[in-house]
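coords39.cif (mmCIF, N, CA and C atoms) appears below.
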data_coords
#
loop_
_atom_site.label_atom_id
_atom_site.label_comp_id
_atom_site.auth_asym_id
_atom_site.auth_seq_id
_atom_site.Cartn_x
_atom_site.Cartn_y
_atom_site.Cartn_z
N GLN A 608 13.99 12.86 -1.15
CA GLN A 608 13.25 12.46 0.04
C GLN A 608 11.76 12.47 -0.23
N VAL A 609 11.07 11.50 0.33
CA VAL A 609 9.62 11.41 0.21
C VAL A 609 9.05 11.17 1.61
N GLN A 610 8.12 12.00 2.03
CA GLN A 610 7.41 11.77 3.29
C GLN A 610 6.01 11.25 2.95
N LEU A 611 5.58 10.25 3.70
CA LEU A 611 4.31 9.58 3.43
C LEU A 611 3.43 9.59 4.67
N VAL A 612 2.13 9.85 4.47
CA VAL A 612 1.18 9.83 5.57
C VAL A 612 -0.04 9.02 5.15
N GLU A 613 -0.30 7.93 5.87
CA GLU A 613 -1.47 7.10 5.58
C GLU A 613 -2.68 7.57 6.37
N SER A 614 -3.85 7.29 5.84
CA SER A 614 -5.11 7.56 6.54
C SER A 614 -6.17 6.61 6.01
N GLY A 615 -7.29 6.56 6.72
CA GLY A 615 -8.41 5.76 6.24
C GLY A 615 -8.63 4.45 6.96
N GLY A 616 -7.74 4.11 7.87
CA GLY A 616 -7.94 2.87 8.62
C GLY A 616 -9.09 2.99 9.60
N GLY A 617 -9.43 1.87 10.22
CA GLY A 617 -10.52 1.89 11.19
C GLY A 617 -11.00 0.49 11.51
N LEU A 618 -12.16 0.44 12.18
CA LEU A 618 -12.79 -0.82 12.56
C LEU A 618 -13.95 -1.09 11.62
N VAL A 619 -13.99 -2.27 11.07
CA VAL A 619 -15.05 -2.62 10.13
C VAL A 619 -15.44 -4.08 10.34
N GLN A 620 -16.67 -4.40 10.05
CA GLN A 620 -17.12 -5.79 10.17
C GLN A 620 -16.65 -6.60 8.96
N ALA A 621 -16.54 -7.89 9.16
CA ALA A 621 -16.18 -8.77 8.05
C ALA A 621 -17.15 -8.57 6.90
N GLY A 622 -16.59 -8.53 5.69
CA GLY A 622 -17.40 -8.28 4.52
C GLY A 622 -17.48 -6.82 4.13
N GLY A 623 -17.03 -5.95 5.01
CA GLY A 623 -17.08 -4.52 4.75
C GLY A 623 -15.91 -4.03 3.92
N SER A 624 -15.86 -2.71 3.74
CA SER A 624 -14.85 -2.09 2.89
C SER A 624 -14.19 -0.91 3.60
N LEU A 625 -12.97 -0.65 3.22
CA LEU A 625 -12.24 0.54 3.64
C LEU A 625 -11.39 1.01 2.48
N ARG A 626 -11.12 2.31 2.45
CA ARG A 626 -10.22 2.87 1.45
C ARG A 626 -9.10 3.60 2.17
N LEU A 627 -7.90 3.10 1.99
CA LEU A 627 -6.73 3.74 2.58
C LEU A 627 -6.14 4.74 1.59
N SER A 628 -5.64 5.83 2.14
CA SER A 628 -4.95 6.85 1.33
C SER A 628 -3.52 7.01 1.82
N CYS A 629 -2.66 7.38 0.92
CA CYS A 629 -1.25 7.61 1.24
C CYS A 629 -0.85 8.91 0.56
N GLU A 630 -0.75 9.98 1.35
CA GLU A 630 -0.40 11.28 0.80
C GLU A 630 1.10 11.49 0.90
N ALA A 631 1.70 11.86 -0.21
CA ALA A 631 3.14 12.01 -0.28
C ALA A 631 3.53 13.47 -0.44
N SER A 632 4.64 13.83 0.15
CA SER A 632 5.22 15.14 -0.08
C SER A 632 6.55 14.93 -0.78
N GLY A 633 6.93 15.89 -1.60
CA GLY A 633 8.15 15.71 -2.37
C GLY A 633 7.82 15.51 -3.84
N ARG A 634 8.63 16.05 -4.69
CA ARG A 634 8.35 16.05 -6.12
C ARG A 634 8.56 14.70 -6.76
N THR A 635 9.22 13.77 -6.08
CA THR A 635 9.61 12.54 -6.74
C THR A 635 8.57 11.44 -6.66
N PHE A 636 7.48 11.64 -5.90
CA PHE A 636 6.50 10.57 -5.73
C PHE A 636 6.01 10.07 -7.07
N SER A 637 5.69 10.96 -7.98
CA SER A 637 5.10 10.56 -9.25
C SER A 637 6.07 9.79 -10.13
N SER A 638 7.34 9.77 -9.80
CA SER A 638 8.35 9.10 -10.62
C SER A 638 8.63 7.68 -10.18
N TYR A 639 8.13 7.29 -9.03
CA TYR A 639 8.52 6.01 -8.43
C TYR A 639 7.33 5.09 -8.20
N PRO A 640 7.57 3.80 -8.22
CA PRO A 640 6.51 2.87 -7.83
C PRO A 640 6.24 2.97 -6.34
N MET A 641 5.05 2.58 -5.95
CA MET A 641 4.71 2.55 -4.53
C MET A 641 4.07 1.21 -4.19
N GLY A 642 4.14 0.89 -2.93
CA GLY A 642 3.56 -0.38 -2.48
C GLY A 642 2.82 -0.21 -1.18
N TRP A 643 2.00 -1.20 -0.87
CA TRP A 643 1.33 -1.31 0.42
C TRP A 643 1.79 -2.60 1.07
N PHE A 644 2.09 -2.51 2.35
CA PHE A 644 2.47 -3.66 3.16
C PHE A 644 1.61 -3.66 4.41
N ARG A 645 1.58 -4.78 5.11
CA ARG A 645 0.86 -4.83 6.37
C ARG A 645 1.64 -5.67 7.38
N TRP A 646 1.38 -5.38 8.65
CA TRP A 646 2.09 -6.03 9.74
C TRP A 646 1.10 -6.32 10.85
N ALA A 647 0.91 -7.61 11.07
CA ALA A 647 0.01 -8.05 12.13
C ALA A 647 0.84 -8.58 13.29
N PRO A 648 0.35 -8.47 14.52
CA PRO A 648 1.10 -8.98 15.69
C PRO A 648 1.44 -10.44 15.53
N GLY A 649 2.69 -10.77 15.80
CA GLY A 649 3.11 -12.15 15.74
C GLY A 649 3.42 -12.65 14.34
N LYS A 650 3.29 -11.77 13.35
CA LYS A 650 3.56 -12.17 11.97
C LYS A 650 4.64 -11.28 11.37
N GLU A 651 5.20 -11.74 10.28
CA GLU A 651 6.19 -10.92 9.56
C GLU A 651 5.46 -9.89 8.69
N ARG A 652 6.17 -8.81 8.39
CA ARG A 652 5.61 -7.80 7.50
C ARG A 652 5.32 -8.44 6.15
N GLU A 653 4.15 -8.15 5.61
CA GLU A 653 3.66 -8.85 4.42
C GLU A 653 3.40 -7.88 3.29
N PHE A 654 3.85 -8.23 2.10
CA PHE A 654 3.54 -7.47 0.90
C PHE A 654 2.06 -7.59 0.60
N VAL A 655 1.44 -6.48 0.23
CA VAL A 655 0.02 -6.49 -0.12
C VAL A 655 -0.18 -6.20 -1.60
N ALA A 656 0.39 -5.08 -2.07
CA ALA A 656 0.18 -4.68 -3.46
C ALA A 656 1.23 -3.65 -3.85
N ALA A 657 1.47 -3.52 -5.15
CA ALA A 657 2.38 -2.51 -5.66
C ALA A 657 1.85 -1.99 -6.98
N ILE A 658 2.27 -0.77 -7.32
CA ILE A 658 1.82 -0.14 -8.56
C ILE A 658 2.99 0.63 -9.17
N SER A 659 3.10 0.57 -10.48
CA SER A 659 4.19 1.27 -11.16
C SER A 659 3.98 2.77 -11.10
N TRP A 660 5.01 3.51 -11.48
CA TRP A 660 4.96 4.97 -11.34
C TRP A 660 3.82 5.57 -12.16
N ASN A 661 3.52 4.95 -13.31
CA ASN A 661 2.48 5.52 -14.17
C ASN A 661 1.16 4.75 -14.08
N ALA A 662 1.08 3.86 -13.11
CA ALA A 662 -0.14 3.08 -12.85
C ALA A 662 -0.46 2.09 -13.95
N ASP A 663 0.48 1.83 -14.85
CA ASP A 663 0.23 0.88 -15.92
C ASP A 663 0.27 -0.57 -15.44
N SER A 664 1.00 -0.81 -14.37
CA SER A 664 1.17 -2.17 -13.88
C SER A 664 0.87 -2.24 -12.39
N THR A 665 0.25 -3.35 -12.00
CA THR A 665 -0.02 -3.58 -10.58
C THR A 665 0.31 -5.03 -10.24
N LEU A 666 0.52 -5.28 -8.96
CA LEU A 666 0.81 -6.63 -8.48
C LEU A 666 0.16 -6.79 -7.13
N TYR A 667 -0.42 -7.95 -6.89
CA TYR A 667 -1.12 -8.21 -5.63
C TYR A 667 -0.64 -9.51 -5.00
N ALA A 668 -0.66 -9.53 -3.69
CA ALA A 668 -0.46 -10.79 -2.98
C ALA A 668 -1.66 -11.68 -3.24
N ASP A 669 -1.42 -12.97 -3.27
CA ASP A 669 -2.52 -13.91 -3.53
C ASP A 669 -3.63 -13.78 -2.49
N THR A 670 -3.26 -13.41 -1.28
CA THR A 670 -4.24 -13.33 -0.19
C THR A 670 -5.25 -12.19 -0.37
N VAL A 671 -4.93 -11.21 -1.22
CA VAL A 671 -5.83 -10.07 -1.39
C VAL A 671 -6.32 -9.91 -2.82
N LYS A 672 -5.80 -10.71 -3.73
CA LYS A 672 -6.16 -10.59 -5.14
C LYS A 672 -7.66 -10.76 -5.33
N GLY A 673 -8.25 -9.86 -6.08
CA GLY A 673 -9.69 -9.90 -6.32
C GLY A 673 -10.50 -9.16 -5.28
N ARG A 674 -9.87 -8.78 -4.17
CA ARG A 674 -10.59 -8.05 -3.11
C ARG A 674 -10.05 -6.63 -2.94
N PHE A 675 -8.74 -6.46 -3.13
CA PHE A 675 -8.09 -5.16 -2.95
C PHE A 675 -7.71 -4.58 -4.31
N THR A 676 -7.72 -3.25 -4.39
CA THR A 676 -7.31 -2.56 -5.60
C THR A 676 -6.38 -1.41 -5.23
N ILE A 677 -5.19 -1.41 -5.82
CA ILE A 677 -4.24 -0.33 -5.60
C ILE A 677 -4.36 0.66 -6.75
N SER A 678 -4.25 1.93 -6.44
CA SER A 678 -4.30 2.97 -7.46
C SER A 678 -3.50 4.17 -7.00
N ARG A 679 -3.34 5.14 -7.89
CA ARG A 679 -2.61 6.35 -7.52
C ARG A 679 -3.09 7.51 -8.38
N ASP A 680 -2.97 8.70 -7.84
CA ASP A 680 -3.26 9.93 -8.56
C ASP A 680 -2.03 10.81 -8.42
N ASN A 681 -1.17 10.79 -9.41
CA ASN A 681 0.10 11.52 -9.31
C ASN A 681 -0.12 13.03 -9.25
N ALA A 682 -1.20 13.51 -9.84
CA ALA A 682 -1.48 14.95 -9.77
C ALA A 682 -1.76 15.38 -8.34
N LYS A 683 -2.26 14.45 -7.53
CA LYS A 683 -2.55 14.75 -6.12
C LYS A 683 -1.48 14.19 -5.20
N ASN A 684 -0.44 13.59 -5.76
CA ASN A 684 0.62 12.98 -4.93
C ASN A 684 0.04 12.01 -3.91
N THR A 685 -0.91 11.21 -4.32
CA THR A 685 -1.62 10.34 -3.40
C THR A 685 -1.80 8.95 -4.00
N GLY A 686 -1.60 7.95 -3.15
CA GLY A 686 -1.88 6.58 -3.52
C GLY A 686 -3.04 6.05 -2.70
N TYR A 687 -3.67 4.98 -3.20
CA TYR A 687 -4.86 4.45 -2.54
C TYR A 687 -4.80 2.93 -2.49
N LEU A 688 -5.52 2.40 -1.51
CA LEU A 688 -5.76 0.96 -1.45
C LEU A 688 -7.22 0.76 -1.10
N GLN A 689 -8.01 0.35 -2.07
CA GLN A 689 -9.41 0.03 -1.85
C GLN A 689 -9.51 -1.42 -1.40
N MET A 690 -10.10 -1.62 -0.24
CA MET A 690 -10.18 -2.96 0.34
C MET A 690 -11.64 -3.34 0.48
N ASN A 691 -12.04 -4.37 -0.24
CA ASN A 691 -13.41 -4.88 -0.19
C ASN A 691 -13.43 -6.29 0.37
N SER A 692 -14.60 -6.74 0.76
CA SER A 692 -14.77 -8.10 1.28
C SER A 692 -13.74 -8.41 2.35
N LEU A 693 -13.60 -7.52 3.28
CA LEU A 693 -12.56 -7.66 4.31
C LEU A 693 -12.83 -8.86 5.20
N LYS A 694 -11.74 -9.47 5.63
CA LYS A 694 -11.79 -10.66 6.49
C LYS A 694 -11.05 -10.35 7.79
N PRO A 695 -11.36 -11.07 8.86
CA PRO A 695 -10.63 -10.85 10.12
C PRO A 695 -9.11 -11.00 9.95
N GLU A 696 -8.69 -11.87 9.07
CA GLU A 696 -7.24 -12.06 8.86
C GLU A 696 -6.58 -10.89 8.13
N ASP A 697 -7.36 -9.92 7.67
CA ASP A 697 -6.80 -8.71 7.10
C ASP A 697 -6.41 -7.70 8.18
N THR A 698 -6.76 -7.98 9.41
CA THR A 698 -6.43 -7.08 10.51
C THR A 698 -4.92 -6.91 10.63
N ALA A 699 -4.47 -5.67 10.60
CA ALA A 699 -3.04 -5.36 10.64
C ALA A 699 -2.85 -3.85 10.60
N VAL A 700 -1.62 -3.42 10.81
CA VAL A 700 -1.25 -2.04 10.51
C VAL A 700 -0.79 -2.01 9.05
N TYR A 701 -1.37 -1.11 8.29
CA TYR A 701 -1.07 -1.01 6.87
C TYR A 701 -0.14 0.18 6.62
N TYR A 702 0.89 -0.07 5.83
CA TYR A 702 1.89 0.94 5.53
C TYR A 702 1.99 1.13 4.02
N CYS A 703 2.14 2.38 3.60
CA CYS A 703 2.50 2.62 2.21
C CYS A 703 4.00 2.90 2.16
N ALA A 704 4.59 2.63 1.03
CA ALA A 704 6.03 2.79 0.88
C ALA A 704 6.35 3.14 -0.57
N VAL A 705 7.46 3.79 -0.75
CA VAL A 705 7.91 4.20 -2.09
C VAL A 705 9.27 3.58 -2.38
N GLU A 706 9.39 3.04 -3.59
CA GLU A 706 10.63 2.42 -4.03
C GLU A 706 11.30 3.35 -5.04
N PRO A 707 12.48 3.86 -4.76
CA PRO A 707 13.15 4.80 -5.67
C PRO A 707 13.78 4.10 -6.86
N ARG A 708 12.91 3.47 -7.66
CA ARG A 708 13.36 2.75 -8.85
C ARG A 708 13.05 3.61 -10.06
N VAL A 709 14.00 3.72 -10.96
CA VAL A 709 13.79 4.49 -12.19
C VAL A 709 13.32 3.53 -13.28
N GLY A 710 12.26 3.90 -13.97
CA GLY A 710 11.76 3.07 -15.05
C GLY A 710 10.64 2.15 -14.58
N MET A 711 10.34 1.17 -15.36
CA MET A 711 9.22 0.28 -15.08
C MET A 711 9.61 -0.79 -14.06
N GLY A 712 8.59 -1.44 -13.57
CA GLY A 712 8.82 -2.52 -12.62
C GLY A 712 8.69 -2.06 -11.19
N PHE A 713 8.63 -3.00 -10.29
CA PHE A 713 8.56 -2.73 -8.86
C PHE A 713 8.88 -4.01 -8.12
N SER A 714 9.11 -3.87 -6.84
CA SER A 714 9.50 -5.02 -6.03
C SER A 714 8.41 -5.36 -5.02
N ARG A 715 8.33 -6.62 -4.62
CA ARG A 715 7.46 -7.02 -3.52
C ARG A 715 8.25 -7.21 -2.23
N SER A 716 9.53 -6.89 -2.29
CA SER A 716 10.38 -7.02 -1.10
C SER A 716 10.43 -5.69 -0.36
N SER A 717 10.09 -5.72 0.92
CA SER A 717 10.07 -4.48 1.70
C SER A 717 11.45 -3.84 1.81
N SER A 718 12.50 -4.62 1.65
CA SER A 718 13.86 -4.09 1.77
C SER A 718 14.20 -3.12 0.63
N GLN A 719 13.42 -3.15 -0.44
CA GLN A 719 13.67 -2.26 -1.58
C GLN A 719 12.96 -0.92 -1.43
N TYR A 720 12.22 -0.75 -0.35
CA TYR A 720 11.44 0.47 -0.13
C TYR A 720 12.03 1.24 1.05
N PRO A 721 12.78 2.29 0.82
CA PRO A 721 13.38 3.04 1.93
C PRO A 721 12.45 4.09 2.55
N TYR A 722 11.37 4.43 1.86
CA TYR A 722 10.47 5.48 2.36
C TYR A 722 9.15 4.85 2.80
N TRP A 723 8.79 5.11 4.06
CA TRP A 723 7.61 4.50 4.67
C TRP A 723 6.77 5.55 5.39
N GLY A 724 5.47 5.31 5.44
CA GLY A 724 4.60 6.10 6.27
C GLY A 724 4.58 5.55 7.68
N GLN A 725 3.75 6.16 8.53
CA GLN A 725 3.69 5.76 9.94
C GLN A 725 2.72 4.60 10.16
N GLY A 726 1.93 4.29 9.18
CA GLY A 726 0.99 3.18 9.28
C GLY A 726 -0.40 3.61 9.74
N THR A 727 -1.38 2.83 9.35
CA THR A 727 -2.76 3.05 9.79
C THR A 727 -3.37 1.70 10.15
N GLN A 728 -4.05 1.65 11.31
CA GLN A 728 -4.59 0.40 11.82
C GLN A 728 -5.89 0.04 11.11
N VAL A 729 -5.96 -1.20 10.66
CA VAL A 729 -7.19 -1.77 10.10
C VAL A 729 -7.58 -2.96 10.96
N THR A 730 -8.78 -2.92 11.51
CA THR A 730 -9.28 -4.01 12.34
C THR A 730 -10.59 -4.50 11.76
N VAL A 731 -10.65 -5.80 11.48
CA VAL A 731 -11.84 -6.41 10.90
C VAL A 731 -12.43 -7.37 11.93
N SER A 732 -13.63 -7.10 12.36
CA SER A 732 -14.28 -7.95 13.35
C SER A 732 -15.11 -9.03 12.67
N SER A 733 -15.20 -10.17 13.33
CA SER A 733 -15.95 -11.30 12.76
C SER A 733 -17.41 -11.25 13.16
#
Kindly present the structure from the file in C-alpha cells form.
Amino acid sequence: QVQLVESGGGLVQAGGSLRLSCEASGRTFSSYPMGWFRWAPGKEREFVAAISWNADSTLYADTVKGRFTISRDNAKNTGYLQMNSLKPEDTAVYYCAVEPRVGMGFSRSSSQYPYWGQGTQVTVSS
C-alpha cells in the first residue's frame, strides 16, 4: 500500500511557476514509477508526466514538454512536478499516482495507477 499527499498548488498568473510535491508513505514508493495527471472541469483526466523508479527515465505529455519537469527524491519518499511558463489551460486539479510495476518502464494510462493522492488545485489566471 502507498498513501500519497500532494501539496504546492495555488493561484498564479500566466507565465508564472509552481512546484508541486507528492509525499508518499510506505516502503514501496522508491521501487515504483510515479506519474502526474490532471483533471479540468469538462475534460477527461490527462496524463502529464511520469518518471521511472530510479529517475533514469521520464516522459511528458506534448502539452507540457519543455515547461514542466518531473523529479523524485526516493530518500525523502517524495516526488515533484516543477511547472514553469504556466498557461491558463494548465488550470486543473493535479494528482500524483504510483504504478506498482517492477523493473523499468512506466505507463501513461491512468488505469495502470491504483494509488492516487487527493489532488491539489492549480489555477492560472490570464
Subject >> Nearest to Gly617 (chain A), chosen from A:Ser678, A:Ser716, A:Thr698, A:Ser664, with only C-alpha atoms counted in the distances >> reply: A:Thr698
Starting from the PyMOL selection byres (((chain A and resi 653 and name CA) around 12) and name CA), expand the selection into actual residues of this file and give them as a JSON list (two decimals) with N, CA and C atoms, in the coordinates of the input.
[["chain", "number", "residue", "atom", "x", "y", "z"],
["A", 642, "GLY", "N", 4.14, 0.89, -2.93],
["A", 642, "GLY", "CA", 3.56, -0.38, -2.48],
["A", 642, "GLY", "C", 2.82, -0.21, -1.18],
["A", 643, "TRP", "N", 2.00, -1.20, -0.87],
["A", 643, "TRP", "CA", 1.33, -1.31, 0.42],
["A", 643, "TRP", "C", 1.79, -2.60, 1.07],
["A", 644, "PHE", "N", 2.09, -2.51, 2.35],
["A", 644, "PHE", "CA", 2.47, -3.66, 3.16],
["A", 644, "PHE", "C", 1.61, -3.66, 4.41],
["A", 645, "ARG", "N", 1.58, -4.78, 5.11],
["A", 645, "ARG", "CA", 0.86, -4.83, 6.37],
["A", 645, "ARG", "C", 1.64, -5.67, 7.38],
["A", 646, "TRP", "N", 1.38, -5.38, 8.65],
["A", 646, "TRP", "CA", 2.09, -6.03, 9.74],
["A", 646, "TRP", "C", 1.10, -6.32, 10.85],
["A", 647, "ALA", "N", 0.91, -7.61, 11.07],
["A", 647, "ALA", "CA", 0.01, -8.05, 12.13],
["A", 647, "ALA", "C", 0.84, -8.58, 13.29],
["A", 648, "PRO", "N", 0.35, -8.47, 14.52],
["A", 648, "PRO", "CA", 1.10, -8.98, 15.69],
["A", 648, "PRO", "C", 1.44, -10.44, 15.53],
["A", 649, "GLY", "N", 2.69, -10.77, 15.80],
["A", 649, "GLY", "CA", 3.11, -12.15, 15.74],
["A", 649, "GLY", "C", 3.42, -12.65, 14.34],
["A", 650, "LYS", "N", 3.29, -11.77, 13.35],
["A", 650, "LYS", "CA", 3.56, -12.17, 11.97],
["A", 650, "LYS", "C", 4.64, -11.28, 11.37],
["A", 651, "GLU", "N", 5.20, -11.74, 10.28],
["A", 651, "GLU", "CA", 6.19, -10.92, 9.56],
["A", 651, "GLU", "C", 5.46, -9.89, 8.69],
["A", 652, "ARG", "N", 6.17, -8.81, 8.39],
["A", 652, "ARG", "CA", 5.61, -7.80, 7.50],
["A", 652, "ARG", "C", 5.32, -8.44, 6.15],
["A", 654, "PHE", "N", 3.85, -8.23, 2.10],
["A", 654, "PHE", "CA", 3.54, -7.47, 0.90],
["A", 654, "PHE", "C", 2.06, -7.59, 0.60],
["A", 655, "VAL", "N", 1.44, -6.48, 0.23],
["A", 655, "VAL", "CA", 0.02, -6.49, -0.12],
["A", 655, "VAL", "C", -0.18, -6.20, -1.60],
["A", 656, "ALA", "N", 0.39, -5.08, -2.07],
["A", 656, "ALA", "CA", 0.18, -4.68, -3.46],
["A", 656, "ALA", "C", 1.23, -3.65, -3.85],
["A", 657, "ALA", "N", 1.47, -3.52, -5.15],
["A", 657, "ALA", "CA", 2.38, -2.51, -5.66],
["A", 657, "ALA", "C", 1.85, -1.99, -6.98],
["A", 667, "TYR", "N", -0.42, -7.95, -6.89],
["A", 667, "TYR", "CA", -1.12, -8.21, -5.63],
["A", 667, "TYR", "C", -0.64, -9.51, -5.00],
["A", 668, "ALA", "N", -0.66, -9.53, -3.69],
["A", 668, "ALA", "CA", -0.46, -10.79, -2.98],
["A", 668, "ALA", "C", -1.66, -11.68, -3.24],
["A", 669, "ASP", "N", -1.42, -12.97, -3.27],
["A", 669, "ASP", "CA", -2.52, -13.91, -3.53],
["A", 669, "ASP", "C", -3.63, -13.78, -2.49],
["A", 670, "THR", "N", -3.26, -13.41, -1.28],
["A", 670, "THR", "CA", -4.24, -13.33, -0.19],
["A", 670, "THR", "C", -5.25, -12.19, -0.37],
["A", 671, "VAL", "N", -4.93, -11.21, -1.22],
["A", 671, "VAL", "CA", -5.83, -10.07, -1.39],
["A", 671, "VAL", "C", -6.32, -9.91, -2.82],
["A", 697, "ASP", "N", -7.36, -9.92, 7.67],
["A", 697, "ASP", "CA", -6.80, -8.71, 7.10],
["A", 697, "ASP", "C", -6.41, -7.70, 8.18],
["A", 698, "THR", "N", -6.76, -7.98, 9.41],
["A", 698, "THR", "CA", -6.43, -7.08, 10.51],
["A", 698, "THR", "C", -4.92, -6.91, 10.63],
["A", 699, "ALA", "N", -4.47, -5.67, 10.60],
["A", 699, "ALA", "CA", -3.04, -5.36, 10.64],
["A", 699, "ALA", "C", -2.85, -3.85, 10.60],
["A", 700, "VAL", "N", -1.62, -3.42, 10.81],
["A", 700, "VAL", "CA", -1.25, -2.04, 10.51],
["A", 700, "VAL", "C", -0.79, -2.01, 9.05],
["A", 701, "TYR", "N", -1.37, -1.11, 8.29],
["A", 701, "TYR", "CA", -1.07, -1.01, 6.87],
["A", 701, "TYR", "C", -0.14, 0.18, 6.62],
["A", 702, "TYR", "N", 0.89, -0.07, 5.83],
["A", 702, "TYR", "CA", 1.89, 0.94, 5.53],
["A", 702, "TYR", "C", 1.99, 1.13, 4.02],
["A", 703, "CYS", "N", 2.14, 2.38, 3.60],
["A", 703, "CYS", "CA", 2.50, 2.62, 2.21],
["A", 703, "CYS", "C", 4.00, 2.90, 2.16],
["A", 715, "ARG", "N", 8.33, -6.62, -4.62],
["A", 715, "ARG", "CA", 7.46, -7.02, -3.52],
["A", 715, "ARG", "C", 8.25, -7.21, -2.23],
["A", 716, "SER", "N", 9.53, -6.89, -2.29],
["A", 716, "SER", "CA", 10.38, -7.02, -1.10],
["A", 716, "SER", "C", 10.43, -5.69, -0.36],
["A", 717, "SER", "N", 10.09, -5.72, 0.92],
["A", 717, "SER", "CA", 10.07, -4.48, 1.70],
["A", 717, "SER", "C", 11.45, -3.84, 1.81],
["A", 718, "SER", "N", 12.50, -4.62, 1.65],
["A", 718, "SER", "CA", 13.86, -4.09, 1.77],
["A", 718, "SER", "C", 14.20, -3.12, 0.63]]
**OP:** Apply the PyMOL selection byres ((chain A and resi 631) around 5) to the structure shown and report the selected residues as a VMD selection string.
**Re:** chain A and resid 610 to 611 629 to 630 632 to 633 684 to 685
Subject >> Nearest to Ser692 (chain A), chosen from A:Gly673, A:Asp680, A:Trp723, A:Leu666, with all atoms listed in the file counted in the distances >> reply: A:Gly673
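Comparing A:Trp660, A:Arg674, A:Thr665, A:Ala704 by their smallest distance to Ser637 (chain A), the closest is A:Trp660 (using only N, CA and C atoms).
Counting all atoms listed in the file and comparing A:Gln689, A:Thr730, A:Ser628, A:Gln719, the residue that lies closest to Gly615 (chain A) is A:Ser628.
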Subject >> Using only C-alpha atoms: which of A:Ser732, A:Asn691, A:Ser659, A:Gln620 has the shortest distance to Ser638 (chain A) >> reply: A:Ser659
**OP:** Work out how far atom C of Ile658 (chain A) is from atom C of Met641 (chain A), in Å to one decimal.
**Re:** 5.1 Å
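Note that the spacing between atom C of Pro721 (chain A) and CA of Tyr687 (chain A) amounts to 18.0 Å.
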**OP:** Point out the residue among A:Pro707, A:Phe675, A:Gln725, A:Pro695 with the least atom-to-atom distance to Ala621 (chain A), counting only C-alpha atoms.
**Re:** A:Pro695
Subject >> Atom pair atom N of Leu625 (chain A) / atom C of Val612 (chain A): separation (Å) >> reply: 16.3 Å
Original post:
Using the chain letters and numbers from this document, which residues of chain A does DSSP assign to strand (DSSP E), as number ranges by chain?
Top reply: A: 610-614, 617-620, 625-632, 641-646, 653-658, 665-667, 675-680, 685-690, 699-705, 722-723, 727-732
As AutoDock Vina command-line options: centre and edge lengths in Å, one decimal, of the axis-aligned box holding region 684-692 of chain A with 3 Å per side:
--center_x -7.1 --center_y 2.6 --center_z -1.7 --size_x 21.4 --size_y 28.0 --size_z 14.1
**OP:** Give me every helix (DSSP H, G or I) residue in chain A, going by DSSP on the backbone, as a VMD selection string.
**Re:** chain A and resid 636 to 638 681 to 683 695 to 697 717 to 719
